[in-house]
>>> print(open('entry31.txt').read())   # compact mmCIF, C-alpha atoms
# COMPACT_ATOMS: atom_id res chain seq x y z
CA MET A 5 71.23 38.73 -93.58
CA ALA A 6 70.94 42.52 -93.36
CA TYR A 7 71.66 44.07 -89.98
CA GLU A 8 68.49 45.27 -88.23
CA ILE A 9 68.91 48.37 -86.12
CA SER A 10 66.64 48.94 -83.12
CA LYS A 11 64.99 52.20 -82.07
CA LYS A 12 67.32 52.24 -79.06
CA GLU A 13 70.41 52.01 -81.29
CA ILE A 14 69.06 54.71 -83.58
CA GLY A 15 68.53 56.99 -80.60
CA GLU A 16 71.99 56.31 -79.20
CA ARG A 17 73.62 57.00 -82.57
CA ILE A 18 71.75 60.26 -83.03
CA ALA A 19 72.62 61.40 -79.49
CA THR A 20 76.30 60.53 -80.06
CA LEU A 21 76.45 62.37 -83.38
CA ARG A 22 74.67 65.38 -81.92
CA SER A 23 77.20 65.60 -79.09
CA LYS A 24 80.12 65.25 -81.49
CA LYS A 25 78.70 68.09 -83.57
CA GLY A 26 78.33 70.23 -80.45
CA LEU A 27 74.60 70.68 -80.98
CA SER A 28 72.07 71.08 -78.19
CA GLN A 29 68.87 69.07 -78.33
CA GLU A 30 66.93 72.25 -79.02
CA ASP A 31 69.22 73.16 -81.95
CA LEU A 32 68.90 69.73 -83.56
CA ALA A 33 65.16 69.56 -82.98
CA LYS A 34 64.66 72.90 -84.75
CA SER A 35 66.82 71.83 -87.68
CA ILE A 36 64.58 68.83 -88.39
CA ALA A 37 61.30 70.62 -87.52
CA ILE A 38 60.26 68.59 -84.49
CA SER A 39 59.84 69.51 -80.84
CA ARG A 40 62.60 69.06 -78.30
CA PRO A 41 60.53 66.54 -76.27
CA SER A 42 60.08 64.53 -79.48
CA LEU A 43 63.85 64.47 -80.00
CA THR A 44 64.45 63.34 -76.43
CA GLN A 45 62.02 60.47 -77.02
CA ILE A 46 63.95 59.52 -80.19
CA GLU A 47 67.26 59.58 -78.32
CA LEU A 48 65.78 57.44 -75.56
CA GLY A 49 64.59 54.93 -78.15
CA ASN A 50 60.91 55.52 -77.36
CA ARG A 51 59.91 57.11 -80.68
CA SER A 52 60.39 56.01 -84.28
CA VAL A 53 62.04 58.30 -86.82
CA SER A 54 60.26 58.91 -90.12
CA LEU A 55 62.17 58.74 -93.41
CA SER A 56 61.88 62.51 -93.95
CA GLU A 57 63.19 63.14 -90.41
CA MET A 58 66.07 60.73 -91.01
CA GLN A 59 66.97 62.53 -94.22
CA LYS A 60 67.04 65.87 -92.39
CA LEU A 61 69.14 64.31 -89.62
CA SER A 62 71.62 62.97 -92.17
CA ILE A 63 72.07 66.47 -93.62
CA THR A 64 72.40 68.22 -90.25
CA LEU A 65 74.63 65.59 -88.63
CA GLY A 66 76.58 64.75 -91.80
CA PHE A 67 76.13 61.03 -92.28
CA SER A 68 75.11 58.66 -95.06
CA LEU A 69 71.81 56.87 -94.56
CA ASP A 70 73.32 53.64 -95.89
CA ASP A 71 76.26 53.88 -93.49
CA PHE A 72 73.99 54.77 -90.56
CA MET A 73 72.17 51.45 -90.84
CA THR A 74 75.34 49.33 -90.65
CA LYS A 75 76.44 47.48 -87.52
CA ASP A 76 79.80 49.26 -87.12
CA PHE A 77 78.58 52.76 -87.97
CA LEU A 78 79.84 54.58 -84.85
CA ALA A 79 83.16 52.76 -84.87
CA ASN A 80 83.77 54.04 -88.40
CA GLN A 81 82.93 57.67 -87.65
CA SER A 82 85.71 60.23 -87.52
CA LEU A 83 83.72 63.38 -86.92
CA GLN A 84 85.80 66.20 -85.49
CA PRO A 85 83.95 69.13 -83.93
CA SER A 86 84.98 72.66 -84.78
CA ASP A 87 86.64 74.86 -82.16
CA HIS A 88 83.39 76.53 -81.12
CA SER A 89 81.47 73.27 -80.91
CA ALA A 90 84.21 71.69 -78.81
CA ALA A 91 83.70 74.52 -76.35
CA GLU A 92 79.97 73.83 -76.36
CA ILE A 93 80.59 70.13 -75.64
CA THR A 94 82.91 71.00 -72.76
CA GLU A 95 80.24 73.33 -71.41
CA GLU A 96 77.62 70.58 -71.66
CA ARG A 97 79.83 68.25 -69.64
CA ILE A 98 80.00 70.66 -66.71
CA SER A 99 77.00 68.97 -65.18
CA VAL A 100 78.69 66.96 -62.44
CA PRO A 101 77.09 68.22 -59.23
CA THR A 102 79.35 69.73 -56.59
CA LEU A 103 77.69 70.01 -53.22
CA ASN A 104 77.42 73.55 -51.87
CA VAL A 105 77.10 72.68 -48.18
CA ASN A 106 76.15 76.17 -47.01
CA LYS A 107 73.42 76.52 -49.63
CA PHE A 108 72.15 73.01 -48.92
CA LYS A 109 71.86 73.81 -45.21
CA ASN A 110 69.92 76.99 -45.91
CA VAL A 111 67.61 75.29 -48.42
CA LEU A 112 66.96 72.64 -45.78
CA LEU A 113 66.24 75.28 -43.13
CA TYR A 114 63.96 77.19 -45.49
CA ILE A 115 61.91 74.11 -46.38
CA LEU A 116 61.60 73.20 -42.70
CA GLU A 117 60.56 76.77 -41.81
CA ARG A 118 57.83 76.70 -44.45
CA CYS A 119 56.65 73.24 -43.37
CA ALA A 120 57.25 73.43 -39.60
CA GLY A 121 53.57 73.14 -38.74
CA LYS A 122 52.85 70.24 -41.06
CA PRO A 123 52.81 66.90 -39.21
CA ASN A 124 53.23 64.91 -42.45
CA VAL A 125 56.66 66.39 -43.21
CA GLY A 126 58.93 63.77 -41.75
CA GLU A 127 62.23 62.54 -43.13
CA THR A 128 60.70 60.84 -46.19
CA VAL A 129 58.72 63.87 -47.35
CA LEU A 130 61.71 66.13 -46.65
CA TYR A 131 63.99 64.04 -48.89
CA LYS A 132 61.53 64.30 -51.77
CA LEU A 133 61.03 68.06 -51.37
CA LEU A 134 64.81 68.47 -51.59
CA TYR A 135 65.02 66.18 -54.62
CA PHE A 136 62.30 67.93 -56.61
CA SER A 137 63.71 71.36 -55.71
CA ASP A 138 67.13 70.34 -57.02
CA PHE A 139 65.99 68.53 -60.15
CA ASN A 140 63.28 71.05 -61.10
CA TYR A 141 65.79 73.88 -60.83
CA TYR A 142 68.29 72.00 -62.98
CA GLU A 143 65.69 71.27 -65.65
CA LEU A 144 64.66 74.92 -65.76
CA TYR A 145 68.04 76.66 -65.63
CA GLU A 146 70.63 73.96 -66.46
CA GLU A 147 72.44 74.92 -63.26
CA HIS A 148 72.65 73.13 -59.94
CA LEU A 149 70.76 74.49 -56.95
CA THR A 150 72.50 72.77 -54.03
CA GLY A 151 74.68 70.40 -56.04
CA ALA A 152 73.59 67.48 -53.86
CA LYS A 153 73.88 63.99 -55.33
CA TYR A 154 70.84 61.74 -55.05
CA LYS A 155 70.91 57.96 -54.92
CA LYS A 156 68.10 55.70 -56.11
CA LEU A 157 66.88 53.70 -53.13
CA PRO A 158 63.69 51.57 -52.81
CA TYR A 159 61.64 54.36 -51.20
CA GLY A 160 62.73 57.03 -53.66
CA PRO A 161 65.64 59.43 -54.25
CA VAL A 162 67.77 60.17 -51.18
CA PRO A 163 70.35 62.99 -50.96
CA GLN A 164 73.83 61.73 -50.15
CA LYS A 165 75.79 63.07 -47.16
CA LEU A 166 72.51 64.25 -45.63
CA ASP A 167 73.09 62.45 -42.31
CA ALA A 168 76.49 64.10 -41.88
CA ILE A 169 75.10 67.54 -42.72
CA ILE A 170 72.14 67.14 -40.36
CA ASN A 171 74.42 65.99 -37.54
CA GLN A 172 76.57 69.08 -38.09
CA MET A 173 73.47 71.27 -37.93
CA ILE A 174 72.23 69.57 -34.77
CA ASP A 175 75.63 70.08 -33.14
CA ALA A 176 75.52 73.75 -34.16
CA ASN A 177 72.00 74.14 -32.68
CA GLN A 178 70.51 74.86 -36.10
CA LEU A 179 68.21 71.81 -36.06
CA GLN A 180 66.50 69.54 -33.58
CA ARG A 181 65.73 65.91 -34.39
CA ILE A 182 62.61 64.44 -32.83
CA LYS A 183 61.04 60.99 -33.05
CA THR A 184 57.27 60.88 -33.14
CA GLU A 185 54.37 59.06 -34.78
CA PHE A 186 52.16 60.05 -37.68
CA LYS A 187 49.00 58.07 -38.39
CA GLY A 188 50.29 55.18 -36.34
CA TYR A 189 53.72 54.96 -37.99
CA PRO A 190 57.06 56.01 -36.44
CA GLN A 191 58.36 59.24 -37.89
CA LYS A 192 61.63 61.14 -37.71
CA ARG A 193 61.23 64.91 -37.97
CA TYR A 194 63.51 67.93 -37.91
CA LEU A 195 62.65 71.29 -36.39
CA PRO A 196 64.53 74.44 -37.46
CA LEU A 197 66.14 76.33 -34.57
CA GLU A 198 67.25 79.28 -36.69
CA LYS A 199 66.06 81.04 -39.81
CA ALA A 200 67.51 80.33 -43.23
CA ASP A 201 69.89 82.91 -44.66
CA LEU A 202 67.95 83.81 -47.79
CA THR A 203 70.78 85.99 -49.09
CA VAL A 204 72.47 82.81 -50.35
CA LEU A 205 69.46 82.04 -52.58
CA LYS A 206 68.73 83.71 -55.89
CA ALA A 207 65.13 84.76 -56.55
CA SER A 208 64.82 82.01 -59.17
CA GLU A 209 66.04 79.39 -56.67
CA LYS A 210 63.60 80.47 -53.98
CA ASP A 211 60.78 80.51 -56.53
CA VAL A 212 61.43 76.88 -57.54
CA ILE A 213 61.58 75.75 -53.90
CA ASP A 214 58.35 77.62 -53.11
CA LYS A 215 56.53 75.93 -56.00
CA VAL A 216 57.69 72.47 -54.87
CA ILE A 217 56.52 73.21 -51.32
CA GLU A 218 53.15 74.50 -52.54
CA GLN A 219 52.63 71.45 -54.74
CA MET A 220 53.85 68.61 -52.52
CA SER A 221 54.33 69.57 -48.87
CA ASP A 222 50.83 68.41 -47.87
CA TRP A 223 51.32 64.96 -49.41
CA SER A 224 51.81 61.89 -47.26
CA ALA A 225 55.11 60.00 -47.28
CA THR A 226 53.47 57.25 -49.34
CA ALA A 227 51.98 59.67 -51.88
CA ILE A 228 55.17 61.63 -52.47
CA SER A 229 57.26 58.43 -52.63
CA ASP A 230 54.92 56.94 -55.21
CA TYR A 231 55.06 60.17 -57.22
CA SER A 232 58.87 60.21 -57.15
CA HIS A 233 58.93 56.61 -58.43
CA LYS A 234 57.27 57.74 -61.65
CA ASP A 235 59.71 60.59 -62.24
CA LEU A 236 61.87 59.50 -65.19
CA PRO A 237 65.30 60.27 -63.60
CA TRP A 238 64.50 57.90 -60.71
CA GLU A 239 62.65 55.41 -62.90
CA VAL A 240 65.49 54.74 -65.39
CA THR A 241 68.34 54.70 -62.86
CA GLU A 242 69.64 51.40 -61.49
CA GLU A 243 68.93 50.85 -57.80
CA GLY A 244 71.77 52.06 -55.61
CA LYS A 245 73.23 54.29 -58.34
CA ASP A 246 73.47 58.08 -58.47
CA ILE A 247 70.62 59.75 -60.37
CA SER A 248 71.91 61.88 -63.25
CA TYR A 249 70.62 65.44 -63.31
CA ASN A 250 70.70 65.37 -67.12
CA LEU A 251 67.80 62.91 -67.08
CA ALA A 252 65.58 65.81 -66.00
CA PHE A 253 65.56 66.96 -69.64
CA TYR A 254 63.78 63.74 -70.65
CA ARG A 255 60.81 64.28 -68.35
CA GLU A 256 57.28 64.58 -69.63
CA LEU A 257 54.21 66.10 -67.99
CA PRO A 258 53.27 66.27 -65.19
CA TYR A 259 56.91 66.11 -64.05
CA SER A 260 58.50 68.44 -66.58
CA VAL A 261 58.61 72.03 -65.34
CA ARG A 262 60.16 73.62 -68.42
CA VAL A 263 58.26 74.85 -71.47
CA TYR A 264 60.25 73.76 -74.51
CA ASP A 265 59.93 75.44 -77.89
CA GLU A 266 57.81 73.36 -80.26
CA GLU A 267 57.59 73.71 -83.99
CA GLU A 268 54.06 74.39 -85.24
CA ASN A 269 54.15 71.48 -87.65
CA ASP A 270 55.20 68.88 -85.07
>>> encode(input="entry31.txt", output="structure tokens")
Amino acid sequence: MAYEISKKEIGERIATLRSKKGLSQEDLAKSIAISRPSLTQIELGNRSVSLSEMQKLSITLGFSLDDFMTKDFLANQSLQPSDHSAAEITEERISVPTLNVNKFKNVLLYILERCAGKPNVGETVLYKLLYFSDFNYYELYEEHLTGAKYKKLPYGPVPQKLDAIINQMIDANQLQRIKTEFKGYPQKRYLPLEKADLTVLKASEKDVIDKVIEQMSDWSATAISDYSHKDLPWEVTEEGKDISYNLAFYRELPYSVRVYDEEEND
């Protein structure tokens, strides 16, 4: 019986070959005349590949269509990237977030300053404002804003090491923690006791944070949690695991914040 390959396997094979060739998603998408979002959907296994697209992929990525459809295709590949593409692959892999504690503290202070008078901005809303600031910035600029790692928990993404950082800030009289109620529910809030040092933020970083605040800071904890649950990076991550920043490139509207180049004939 002939081996039947699934859309998921096709996507995984294309993504693997693309990485080995040192091609970005945008480069490969242009070479086969489709949009970058369409390619991400192929690599995720959510979109079928037409025969003409597969033929173009075989030329660009250098594989035989007959071989591609076999069970042991990837195991039999011996693609070696050129020197310049190896450098590109190394560059792509520099995506492991490294927490910049000072910047994280000042982003936290800035968000709290902007939202100090909003009674809905308790701990839950604050976590989500931080998450969307970090992931939106990464999607736009392919660089980390604070470098914080976020874990998938039942109520949404939660920044790691936040408790330790907040305790440091409370000890340093930068923050005050208060327990209150909002609409009948217990709420933990943080009040800024000093202004954020905006010299540590680039204009592009502040702009992304401002847009997140403008969009979401009036939402209730329930509304912003529900919204975060439909964001693809959170949605496809296993519970309790770190959420990969690279998943931000697979977002679709209304979550995607980056305008990708699209071919006119896609």
>>> atom_distance(input="entry31.txt", atom1="CA of Thr241 (chain A)", atom2="CA of Pro163 (chain A)")
14.6 Å
>>> residues_around(input="entry31.txt", residues="Ile63 (chain A)", least_positions_apart="6", cutoff="12 Å", atoms="all atoms listed in the file", output="ChimeraX atom specification")
/A:21,32,35-36,56-57,69
>>> atom_distance(input="entry31.txt", atom1="CA of Asp235 (chain A)", atom2="CA of Gly49 (chain A)")
17.6 Å
>>> residues_around(input="entry31.txt", residues="Ala19 (chain A)", least_positions_apart="2", cutoff="12 Å", atoms="only C-alpha atoms", output="PyMOL selection string")
chain A and resi 12-17+21-29+32-33+43-49+61+65+78
>>> closest_residue(input="entry31.txt", among="A:Tyr189, A:Tyr142, A:Tyr131, A:Phe72", to="Leu251 (chain A)", atoms="all atoms listed in the file")
A:Tyr142
>>> closest_residue(input="entry31.txt", among="A:Met73, A:Val105, A:Leu55, A:Leu113", to="Asp201 (chain A)", atoms="all atoms listed in the file")
A:Leu113
>>> closest_residue(input="entry31.txt", among="A:Lys165, A:Arg40, A:Lys187, A:Arg193", to="Lys109 (chain A)", atoms="all atoms listed in the file")
A:Lys165
>>> atom_distance(input="entry31.txt", atom1="CA of Leu149 (chain A)", atom2="CA of Thr128 (chain A)")
20.1 Å
>>> residues_around(input="entry31.txt", residues="Gly126 (chain A)", least_positions_apart="4", cutoff="8 Å", atoms="all atoms listed in the file", output="ChimeraX atom specification")
/A:130,191-194,225
>>> closest_residue(input="entry31.txt", among="A:Asp230, A:Lys206, A:Ile247, A:Ala200", to="Val129 (chain A)", atoms="only C-alpha atoms")
A:Asp230
>>> closest_residue(input="entry31.txt", among="A:Leu144, A:Met173, A:Lys156, A:Leu133", to="Val263 (chain A)", atoms="all atoms listed in the file")
A:Leu144
>>> residues_near_point(input="entry31.txt", point="(73.1, 54.0, -60.8)", cutoff="12 Å", atoms="all atoms listed in the file", output="mmCIF file with C-alpha atoms, in the frame of the given file")
data_model
loop_
_atom_site.group_PDB
_atom_site.id
_atom_site.type_symbol
_atom_site.label_atom_id
_atom_site.label_comp_id
_atom_site.auth_asym_id
_atom_site.auth_seq_id
_atom_site.Cartn_x
_atom_site.Cartn_y
_atom_site.Cartn_z
ATOM 1 C CA LYS A 153 73.880 63.990 -55.330
ATOM 2 C CA TYR A 154 70.840 61.740 -55.050
ATOM 3 C CA LYS A 155 70.910 57.960 -54.920
ATOM 4 C CA LYS A 156 68.100 55.700 -56.110
ATOM 5 C CA LEU A 157 66.880 53.700 -53.130
ATOM 6 C CA PRO A 161 65.640 59.430 -54.250
ATOM 7 C CA PRO A 237 65.300 60.270 -63.600
ATOM 8 C CA TRP A 238 64.500 57.900 -60.710
ATOM 9 C CA GLU A 239 62.650 55.410 -62.900
ATOM 10 C CA VAL A 240 65.490 54.740 -65.390
ATOM 11 C CA THR A 241 68.340 54.700 -62.860
ATOM 12 C CA GLU A 242 69.640 51.400 -61.490
ATOM 13 C CA GLU A 243 68.930 50.850 -57.800
ATOM 14 C CA GLY A 244 71.770 52.060 -55.610
ATOM 15 C CA LYS A 245 73.230 54.290 -58.340
ATOM 16 C CA ASP A 246 73.470 58.080 -58.470
ATOM 17 C CA ILE A 247 70.620 59.750 -60.370
ATOM 18 C CA SER A 248 71.910 61.880 -63.250
ATOM 19 C CA TYR A 249 70.620 65.440 -63.310
#
>>> axis_aligned_box(input="entry31.txt", around="region 155-159 of chain A", padding_each_side="8 Å", output="AutoDock Vina command-line options")
--center_x 66.3 --center_y 54.8 --center_z -53.7 --size_x 25.3 --size_y 22.4 --size_z 20.9
>>> residues_around(input="entry31.txt", residues="Tyr231 (chain A)", least_positions_apart="5", cutoff="10 Å", atoms="all atoms listed in the file", output="ChimeraX atom specification")
/A:132,160,220,223,225-226,259
>>> closest_residue(input="entry31.txt", among="A:Pro196, A:Ile9, A:Asp222, A:Thr203", to="Asp70 (chain A)", atoms="all atoms listed in the file")
A:Ile9
>>> closest_atom_pairs(input="entry31.txt", of="region 128-186 of chain A", to="region 253-257 of chain A", cutoff="12 Å", atoms="all atoms listed in the file", output="Markdown table")
| residue | atom | partner | partner_atom | distance |
| --- | --- | --- | --- | --- |
| A:Phe139 | CA | A:Phe253 | CA | 9.6 |
| A:Asn140 | CA | A:Phe253 | CA | 9.7 |
| A:Tyr141 | CA | A:Phe253 | CA | 11.2 |
| A:Tyr142 | CA | A:Phe253 | CA | 8.8 |
| A:Glu143 | CA | A:Phe253 | CA | 5.9 |
| A:Leu144 | CA | A:Phe253 | CA | 8.9 |
| A:Tyr145 | CA | A:Phe253 | CA | 10.8 |
| A:Glu146 | CA | A:Phe253 | CA | 9.2 |
>>> build_atoms(input="entry31.txt", residues="region 113-132 of chain A", atoms="N, CA, C and O atoms", output="PDB file, keeping the file's coordinate frame")
ATOM      1  N   LEU A 113      66.871  74.452 -44.154  1.00  0.00           N
ATOM      2  CA  LEU A 113      66.240  75.280 -43.130  1.00  0.00           C
ATOM      3  C   LEU A 113      64.999  75.985 -43.666  1.00  0.00           C
ATOM      4  O   LEU A 113      63.969  76.073 -42.988  1.00  0.00           O
ATOM      5  N   TYR A 114      65.095  76.469 -44.908  1.00  0.00           N
ATOM      6  CA  TYR A 114      63.960  77.190 -45.490  1.00  0.00           C
ATOM      7  C   TYR A 114      62.761  76.268 -45.682  1.00  0.00           C
ATOM      8  O   TYR A 114      61.619  76.638 -45.350  1.00  0.00           O
ATOM      9  N   ILE A 115      63.002  75.065 -46.203  1.00  0.00           N
ATOM     10  CA  ILE A 115      61.910  74.110 -46.380  1.00  0.00           C
ATOM     11  C   ILE A 115      61.281  73.764 -45.031  1.00  0.00           C
ATOM     12  O   ILE A 115      60.051  73.727 -44.889  1.00  0.00           O
ATOM     13  N   LEU A 116      62.119  73.545 -44.027  1.00  0.00           N
ATOM     14  CA  LEU A 116      61.600  73.200 -42.700  1.00  0.00           C
ATOM     15  C   LEU A 116      60.833  74.366 -42.081  1.00  0.00           C
ATOM     16  O   LEU A 116      59.822  74.158 -41.407  1.00  0.00           O
ATOM     17  N   GLU A 117      61.302  75.590 -42.295  1.00  0.00           N
ATOM     18  CA  GLU A 117      60.560  76.770 -41.810  1.00  0.00           C
ATOM     19  C   GLU A 117      59.164  76.808 -42.419  1.00  0.00           C
ATOM     20  O   GLU A 117      58.166  77.001 -41.719  1.00  0.00           O
ATOM     21  N   ARG A 118      59.106  76.623 -43.747  1.00  0.00           N
ATOM     22  CA  ARG A 118      57.830  76.700 -44.450  1.00  0.00           C
ATOM     23  C   ARG A 118      56.889  75.557 -44.055  1.00  0.00           C
ATOM     24  O   ARG A 118      55.673  75.702 -44.150  1.00  0.00           O
ATOM     25  N   CYS A 119      57.462  74.438 -43.634  1.00  0.00           N
ATOM     26  CA  CYS A 119      56.650  73.240 -43.370  1.00  0.00           C
ATOM     27  C   CYS A 119      56.622  72.867 -41.884  1.00  0.00           C
ATOM     28  O   CYS A 119      56.168  71.757 -41.534  1.00  0.00           O
ATOM     29  N   ALA A 120      57.086  73.766 -41.021  1.00  0.00           N
ATOM     30  CA  ALA A 120      57.250  73.430 -39.600  1.00  0.00           C
ATOM     31  C   ALA A 120      55.958  72.965 -38.944  1.00  0.00           C
ATOM     32  O   ALA A 120      55.970  72.115 -38.059  1.00  0.00           O
ATOM     33  N   GLY A 121      54.832  73.500 -39.379  1.00  0.00           N
ATOM     34  CA  GLY A 121      53.570  73.140 -38.740  1.00  0.00           C
ATOM     35  C   GLY A 121      52.854  71.975 -39.388  1.00  0.00           C
ATOM     36  O   GLY A 121      51.712  71.677 -39.032  1.00  0.00           O
ATOM     37  N   LYS A 122      53.503  71.314 -40.324  1.00  0.00           N
ATOM     38  CA  LYS A 122      52.850  70.240 -41.060  1.00  0.00           C
ATOM     39  C   LYS A 122      53.307  68.887 -40.510  1.00  0.00           C
ATOM     40  O   LYS A 122      54.472  68.505 -40.685  1.00  0.00           O
ATOM     41  N   PRO A 123      52.416  68.147 -39.864  1.00  0.00           N
ATOM     42  CA  PRO A 123      52.810  66.900 -39.210  1.00  0.00           C
ATOM     43  C   PRO A 123      53.227  65.794 -40.176  1.00  0.00           C
ATOM     44  O   PRO A 123      53.869  64.829 -39.775  1.00  0.00           O
ATOM     45  N   ASN A 124      52.866  65.932 -41.461  1.00  0.00           N
ATOM     46  CA  ASN A 124      53.230  64.910 -42.450  1.00  0.00           C
ATOM     47  C   ASN A 124      54.677  65.012 -42.914  1.00  0.00           C
ATOM     48  O   ASN A 124      55.218  64.071 -43.512  1.00  0.00           O
ATOM     49  N   VAL A 125      55.315  66.168 -42.662  1.00  0.00           N
ATOM     50  CA  VAL A 125      56.660  66.390 -43.210  1.00  0.00           C
ATOM     51  C   VAL A 125      57.705  65.783 -42.283  1.00  0.00           C
ATOM     52  O   VAL A 125      58.347  66.469 -41.467  1.00  0.00           O
ATOM     53  N   GLY A 126      57.851  64.484 -42.414  1.00  0.00           N
ATOM     54  CA  GLY A 126      58.930  63.770 -41.750  1.00  0.00           C
ATOM     55  C   GLY A 126      60.101  63.632 -42.699  1.00  0.00           C
ATOM     56  O   GLY A 126      60.189  64.299 -43.733  1.00  0.00           O
ATOM     57  N   GLU A 127      60.997  62.714 -42.361  1.00  0.00           N
ATOM     58  CA  GLU A 127      62.230  62.540 -43.130  1.00  0.00           C
ATOM     59  C   GLU A 127      61.940  62.184 -44.586  1.00  0.00           C
ATOM     60  O   GLU A 127      62.563  62.738 -45.498  1.00  0.00           O
ATOM     61  N   THR A 128      60.984  61.285 -44.824  1.00  0.00           N
ATOM     62  CA  THR A 128      60.700  60.840 -46.190  1.00  0.00           C
ATOM     63  C   THR A 128      60.207  61.980 -47.067  1.00  0.00           C
ATOM     64  O   THR A 128      60.691  62.176 -48.192  1.00  0.00           O
ATOM     65  N   VAL A 129      59.249  62.740 -46.569  1.00  0.00           N
ATOM     66  CA  VAL A 129      58.720  63.870 -47.350  1.00  0.00           C
ATOM     67  C   VAL A 129      59.820  64.912 -47.566  1.00  0.00           C
ATOM     68  O   VAL A 129      59.957  65.470 -48.667  1.00  0.00           O
ATOM     69  N   LEU A 130      60.629  65.154 -46.542  1.00  0.00           N
ATOM     70  CA  LEU A 130      61.710  66.130 -46.650  1.00  0.00           C
ATOM     71  C   LEU A 130      62.676  65.762 -47.765  1.00  0.00           C
ATOM     72  O   LEU A 130      63.085  66.618 -48.565  1.00  0.00           O
ATOM     73  N   TYR A 131      63.080  64.486 -47.832  1.00  0.00           N
ATOM     74  CA  TYR A 131      63.990  64.040 -48.890  1.00  0.00           C
ATOM     75  C   TYR A 131      63.431  64.362 -50.268  1.00  0.00           C
ATOM     76  O   TYR A 131      64.157  64.805 -51.166  1.00  0.00           O
ATOM     77  N   LYS A 132      62.136  64.111 -50.452  1.00  0.00           N
ATOM     78  CA  LYS A 132      61.530  64.300 -51.770  1.00  0.00           C
ATOM     79  C   LYS A 132      61.394  65.789 -52.115  1.00  0.00           C
ATOM     80  O   LYS A 132      61.537  66.181 -53.269  1.00  0.00           O
TER      81      LYS A 132
END
